[in-house]
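Colleague: Please read through the structure below; I'll follow up with questions.
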Amino acid sequence: LQPLSARMPAKGQLLAVSDKDSFDPIELYAWFLGLTINWRKRGIFLNYYMTFPVAYSREVKDKILASFSRGLQRSLPESLVSQEAFNDFSLEERASEPSAYAASALPLLAIEPTESGVAYAVFDFGGGTTDFDFGYYRLPNEEEEELGYEEVFEHFGAAGDVYLGGENLLENMAFWVFRDNLEHCREKKIAFTRPVDANDFQGSEMFLDCTQAAQTNSLILISKLRPLWEQGALEDSSGLIRIKLLDRYGVKQNCELRVKQAELFAYLEKRIAQGVVNFYSAMQKAFQASHPKTIHVILGGNASRSSIVSDIFSANDMEVERVANIMEVEIDAMTGIDSNPLLTQIYGEQAPQLILHLPLAINVDNLEQATCKTGVALGLLSLCPGSTTKVINHAVEKAQGEAPFAYYIGKIKRKCFNVALEQGAVYMQWHLLGPIRERIFNLVVTQSPHANTNALPKEDTSLLYKRLNFAGNTDEQKAYVRAISPDEIEVCTADSLEALANKALDNLQKIVLTSLGE
């Protein structure tokens with residue numbers, strides 16, 4: 001596929017289309033949506049609003065907005081485009097996905113805003129990633145009330161676990177099953193793929209491949225393992241999966257794979273627990289200036305329906321608020337355990353009280369009510385222009401409209417990752433990385449929010465390493481780093497920060513962080 005185009009339709013002009021235009025799947029998707037939304041009995045809509053994951057850069061958002069604009073325009077009657085009414089056509093970003101979900105969920109959970117603000121944290125566990133959002137739900141101040149606002153969402157931080165998602169977990173489960181059946185794969189000449197967050201194994205070069213056959217094999221096995229993740233059991237209770245897979249020559253082979261279900265559940269529990277630790281680490285950083293005593297934790301995303309998620313959260317001395325019917329809030333379980341291992345691991349003895357809200361369930365008496373699937377879209381509608389709800393996003397303001405810097409940059413110190421540049425750092429500001437030894441600096445990069453604790457062991461799979469080679473005499477110099485975009489940094493050598501301020505630097509180089517894991 002060709003890179004996305006940033007070409008926006010011009011108002012009042014038909015969009016020129018030819019067979020020279022590259023295929024844009026997002027534009028096609030928007031065209032289908034437009035055909036579904038706009039039809040005779042429903043009418044034609046001209047105002048559209050979008051929400052994005054917290055980590056999407058401004059460039060990516062603009063290209064997706066352009067693709068949607070083109071697709072929606074092409075779905076509308078051609079005669080409409082030249083009419084004056086079409087000048088009202090608009091498509092704009094309004095909020096991040098987790099913040100839109102919070103706007104939908106908090107009122108449904110009967111959580112009322114206060115003058116000082118109710119602290120909340122969203123754990124949005126979806127198919128690809130898990131997004132975190134932190135903020136206060138408060139009443140407007142005097143100035144905001146004069147402008148007609150009745151409630152305010154004030155965001156103090158956003159982060160996420162980029163490899164924690166339902167589909168990513170399934171990829172890893174398939175990888176585990178293939179590894180447990182290597183002899184069978186060797187006999188049948190079956191190749192498979194490695195998830196981006198998994199490690200190679202001894203002899204892996206004989207089995208791991210990027211061919212269409214290997215990718216097909218992984219997808220076939222994922223489809224067979226899906227009931228185990230989503231429903232807690234395989235279709236065949238024997239623990240065996242009988243499927244046809246492609247060998248290295250593209251020939252179908254009858255295969256019988258043994259599934260160690262207990263080990264897969266242990267993996268899921270460990271990986272989701274790691275995601276919860278990342279969530280707590282990001283939460284501590286987001287609220288470090290205010291230290292609220294109570295925080296409402298809101299689970300979002302279809303993957304949060306898994307009982308593993310609620311068990312891991314509720315095992316940590318939380319009040320667990322289970323909502324069977326959103327209209328009648330019922331308290332099913334309230335823990336009173338003194339120990340709080342995961343939370344204490346991050347906060348020590350100063351841990352706040354957490355109240356956990358399970359994903360919004362379907363209300364059979366009101367099917368139009370928000371669920372964990374529709375909550376983002378319905379929450380976004382409540383944040384449209386003219387709404388009495390105000391959203392203040394300090395992270396976006398700090399980054400001047402760009403997505404926040406998405407990584408932690410640093411070095412290994414005493415066998416643990418040591419942070420020099422944090423997620424959400426201000427762009428274009430230099431930070432000390434550390435001393436240079438023999439013109440070499442070993443740069444370490446991660447997106448794990450747990451890095452904020454400076455306790456991430458050097459063996460952690462989220463850590464990426466890059467050896468930096470510097471030229472010239474660096475004996476009196478140190479390495480410095482600054483963020484220049486959500487996924488790019490610049491590194492240089494200099495005598496001091498004062499020298500950098502006077503632009504006295506050497507060995508300036510740009511590093512695209514997304515390329516480190518390739």
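By order of appearance in the structure tokens: chains A, B, ..., then residues from 1 within every chain, and ligands from 1 in the order shown.
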Need the shell around Leu245 (chain A): protein/DNA/RNA residues with any atom at most 8 Å away, counting only C-alpha atoms. Skip same-chain ones fewer than 3 positions apart. Format as a PDB file with all heavy atoms, in the first residue's frame?

Modeller:
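out_27.pdb, written as the output of this step:
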ATOM      1  N   ILE A 190       6.465 -26.817   8.900  1.00  0.00           N
ATOM      2  CA  ILE A 190       5.544 -25.707   9.158  1.00  0.00           C
ATOM      3  C   ILE A 190       6.322 -24.516   9.718  1.00  0.00           C
ATOM      4  O   ILE A 190       7.054 -24.644  10.707  1.00  0.00           O
ATOM      5  CB  ILE A 190       4.445 -26.119  10.156  1.00  0.00           C
ATOM      6  CG1 ILE A 190       3.636 -27.307   9.607  1.00  0.00           C
ATOM      7  CG2 ILE A 190       3.535 -24.943  10.481  1.00  0.00           C
ATOM      8  CD1 ILE A 190       2.901 -27.020   8.316  1.00  0.00           C
ATOM      9  N   THR A 216      -0.155 -17.000   7.282  1.00  0.00           N
ATOM     10  CA  THR A 216      -1.441 -17.710   7.210  1.00  0.00           C
ATOM     11  C   THR A 216      -1.540 -18.728   8.339  1.00  0.00           C
ATOM     12  O   THR A 216      -2.600 -18.857   8.995  1.00  0.00           O
ATOM     13  CB  THR A 216      -1.598 -18.405   5.849  1.00  0.00           C
ATOM     14  OG1 THR A 216      -1.559 -17.418   4.828  1.00  0.00           O
ATOM     15  CG2 THR A 216      -2.912 -19.161   5.775  1.00  0.00           C
ATOM     16  N   ASN A 217      -0.464 -19.458   8.603  1.00  0.00           N
ATOM     17  CA  ASN A 217      -0.471 -20.460   9.671  1.00  0.00           C
ATOM     18  C   ASN A 217      -0.762 -19.825  11.026  1.00  0.00           C
ATOM     19  O   ASN A 217      -1.558 -20.354  11.819  1.00  0.00           O
ATOM     20  CB  ASN A 217       0.874 -21.189   9.716  1.00  0.00           C
ATOM     21  CG  ASN A 217       1.083 -22.096   8.518  1.00  0.00           C
ATOM     22  OD1 ASN A 217       0.122 -22.506   7.867  1.00  0.00           O
ATOM     23  ND2 ASN A 217       2.337 -22.405   8.227  1.00  0.00           N
ATOM     24  N   ILE A 220      -4.461 -18.836  11.188  1.00  0.00           N
ATOM     25  CA  ILE A 220      -5.346 -19.999  11.336  1.00  0.00           C
ATOM     26  C   ILE A 220      -5.350 -20.465  12.794  1.00  0.00           C
ATOM     27  O   ILE A 220      -6.413 -20.749  13.368  1.00  0.00           O
ATOM     28  CB  ILE A 220      -4.901 -21.135  10.389  1.00  0.00           C
ATOM     29  CG1 ILE A 220      -5.174 -20.749   8.932  1.00  0.00           C
ATOM     30  CG2 ILE A 220      -5.633 -22.437  10.725  1.00  0.00           C
ATOM     31  CD1 ILE A 220      -4.604 -21.734   7.923  1.00  0.00           C
ATOM     32  N   LYS A 252      -0.977 -27.920   1.788  1.00  0.00           N
ATOM     33  CA  LYS A 252      -1.716 -28.094   3.039  1.00  0.00           C
ATOM     34  C   LYS A 252      -1.318 -29.406   3.713  1.00  0.00           C
ATOM     35  O   LYS A 252      -1.220 -30.451   3.069  1.00  0.00           O
ATOM     36  CB  LYS A 252      -3.218 -28.086   2.776  1.00  0.00           C
ATOM     37  CG  LYS A 252      -3.774 -26.724   2.388  1.00  0.00           C
ATOM     38  CD  LYS A 252      -5.284 -26.768   2.219  1.00  0.00           C
ATOM     39  CE  LYS A 252      -5.838 -25.394   1.853  1.00  0.00           C
ATOM     40  NZ  LYS A 252      -7.314 -25.422   1.683  1.00  0.00           N
ATOM     41  N   GLN A 253      -1.102 -29.308   5.022  1.00  0.00           N
ATOM     42  CA  GLN A 253      -0.725 -30.476   5.814  1.00  0.00           C
ATOM     43  C   GLN A 253      -1.704 -30.628   6.980  1.00  0.00           C
ATOM     44  O   GLN A 253      -2.063 -29.643   7.632  1.00  0.00           O
ATOM     45  CB  GLN A 253       0.699 -30.318   6.368  1.00  0.00           C
ATOM     46  CG  GLN A 253       1.781 -30.192   5.319  1.00  0.00           C
ATOM     47  CD  GLN A 253       2.056 -31.506   4.617  1.00  0.00           C
ATOM     48  OE1 GLN A 253       1.700 -32.582   5.107  1.00  0.00           O
ATOM     49  NE2 GLN A 253       2.687 -31.439   3.443  1.00  0.00           N
ATOM     50  N   ASN A 254      -2.142 -31.851   7.235  1.00  0.00           N
ATOM     51  CA  ASN A 254      -2.985 -32.128   8.399  1.00  0.00           C
ATOM     52  C   ASN A 254      -2.111 -32.095   9.647  1.00  0.00           C
ATOM     53  O   ASN A 254      -1.130 -32.838   9.755  1.00  0.00           O
ATOM     54  CB  ASN A 254      -3.669 -33.491   8.269  1.00  0.00           C
ATOM     55  CG  ASN A 254      -4.697 -33.493   7.165  1.00  0.00           C
ATOM     56  OD1 ASN A 254      -5.476 -32.552   7.026  1.00  0.00           O
ATOM     57  ND2 ASN A 254      -4.717 -34.543   6.355  1.00  0.00           N
ATOM     58  N   CYS A 255      -2.457 -31.234  10.585  1.00  0.00           N
ATOM     59  CA  CYS A 255      -1.651 -31.062  11.792  1.00  0.00           C
ATOM     60  C   CYS A 255      -2.497 -31.262  13.048  1.00  0.00           C
ATOM     61  O   CYS A 255      -3.690 -30.941  13.064  1.00  0.00           O
ATOM     62  CB  CYS A 255      -1.020 -29.670  11.825  1.00  0.00           C
ATOM     63  SG  CYS A 255       0.132 -29.352  10.469  1.00  0.00           S
TER      64      CYS A 255
END

Colleague: Got a sec: who's within 10 Å of region 427-443 of chain A, counting only C-alpha atoms, leaving out chain neighbours fewer than 5 positions off, as an MDAnalysis selection string?

Modeller: chainID A and resid 398:400 402 404:405 409:412 418:422 464:486 489:494 496:497 500:501

Colleague: Which polymer residues have any atom within 12 Å of an atom of Ser237 (chain A), counting only C-alpha atoms, with same-chain residues fewer than 3 positions away left out, as a list in words?

Modeller: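 Within the cut-off, the hits are Pro227, Leu228, Gly232, Ala233, Leu234, Leu240, Ile241, Arg258, Val259, Lys260 and Gln261 of chain A.
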
Colleague: What gap, in Å, lies between CA of Thr453 (chain A) and CA of Pro352 (chain A)?

Modeller: 17.2 Å

Colleague: Between CA of Lys41 (chain A) and CA of Asn366 (chain A), what is the spacing in Å?

Modeller: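 We find that CA of Asn366 (chain A) and CA of Lys41 (chain A) lie 22.6 Å from each other.
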
Colleague: Residues at most 8 Å from region 173-177 of chain A, counting only C-alpha atoms, excluding those fewer than 3 positions away in the same chain, as a PyMOL selection string?

Modeller: chain A and resi 169-170+180-181+192-195+218+221-222+225+257-260+264

Colleague: Suppose we keep C-alpha atoms; can you now write the selection as a compact mmCIF listing (two decimals), in the first residue's frame?

Modeller:
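What follows is the written file result_37.txt:
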# COMPACT_ATOMS: atom_id res chain seq x y z
CA LEU A 169 -2.29 -11.60 23.23
CA LEU A 170 -3.73 -14.06 20.71
CA ASP A 180 5.28 -26.35 22.30
CA ASN A 181 4.89 -28.36 19.08
CA PHE A 192 5.10 -19.40 11.68
CA THR A 193 5.61 -15.77 12.69
CA ARG A 194 6.96 -14.11 15.84
CA PRO A 195 4.97 -11.34 17.57
CA SER A 218 -0.36 -18.00 12.56
CA LEU A 221 -4.10 -20.99 14.78
CA ILE A 222 -5.21 -17.64 16.26
CA LEU A 225 -7.37 -20.14 20.06
CA LEU A 257 -1.22 -29.43 17.94
CA ARG A 258 -1.16 -29.98 21.68
CA VAL A 259 -2.37 -26.96 23.72
CA LYS A 260 -1.13 -26.50 27.29
CA LEU A 264 -1.48 -20.12 28.33

Colleague: Taking into account only C-alpha atoms, which residue in the set A:Pro107, A:Gly157, A:Pro113, A:Pro53 is nearest to Thr129 (chain A)?

Modeller: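 Once distances to Thr129 (chain A) are computed over only C-alpha atoms, the minimum belongs to A:Pro53.
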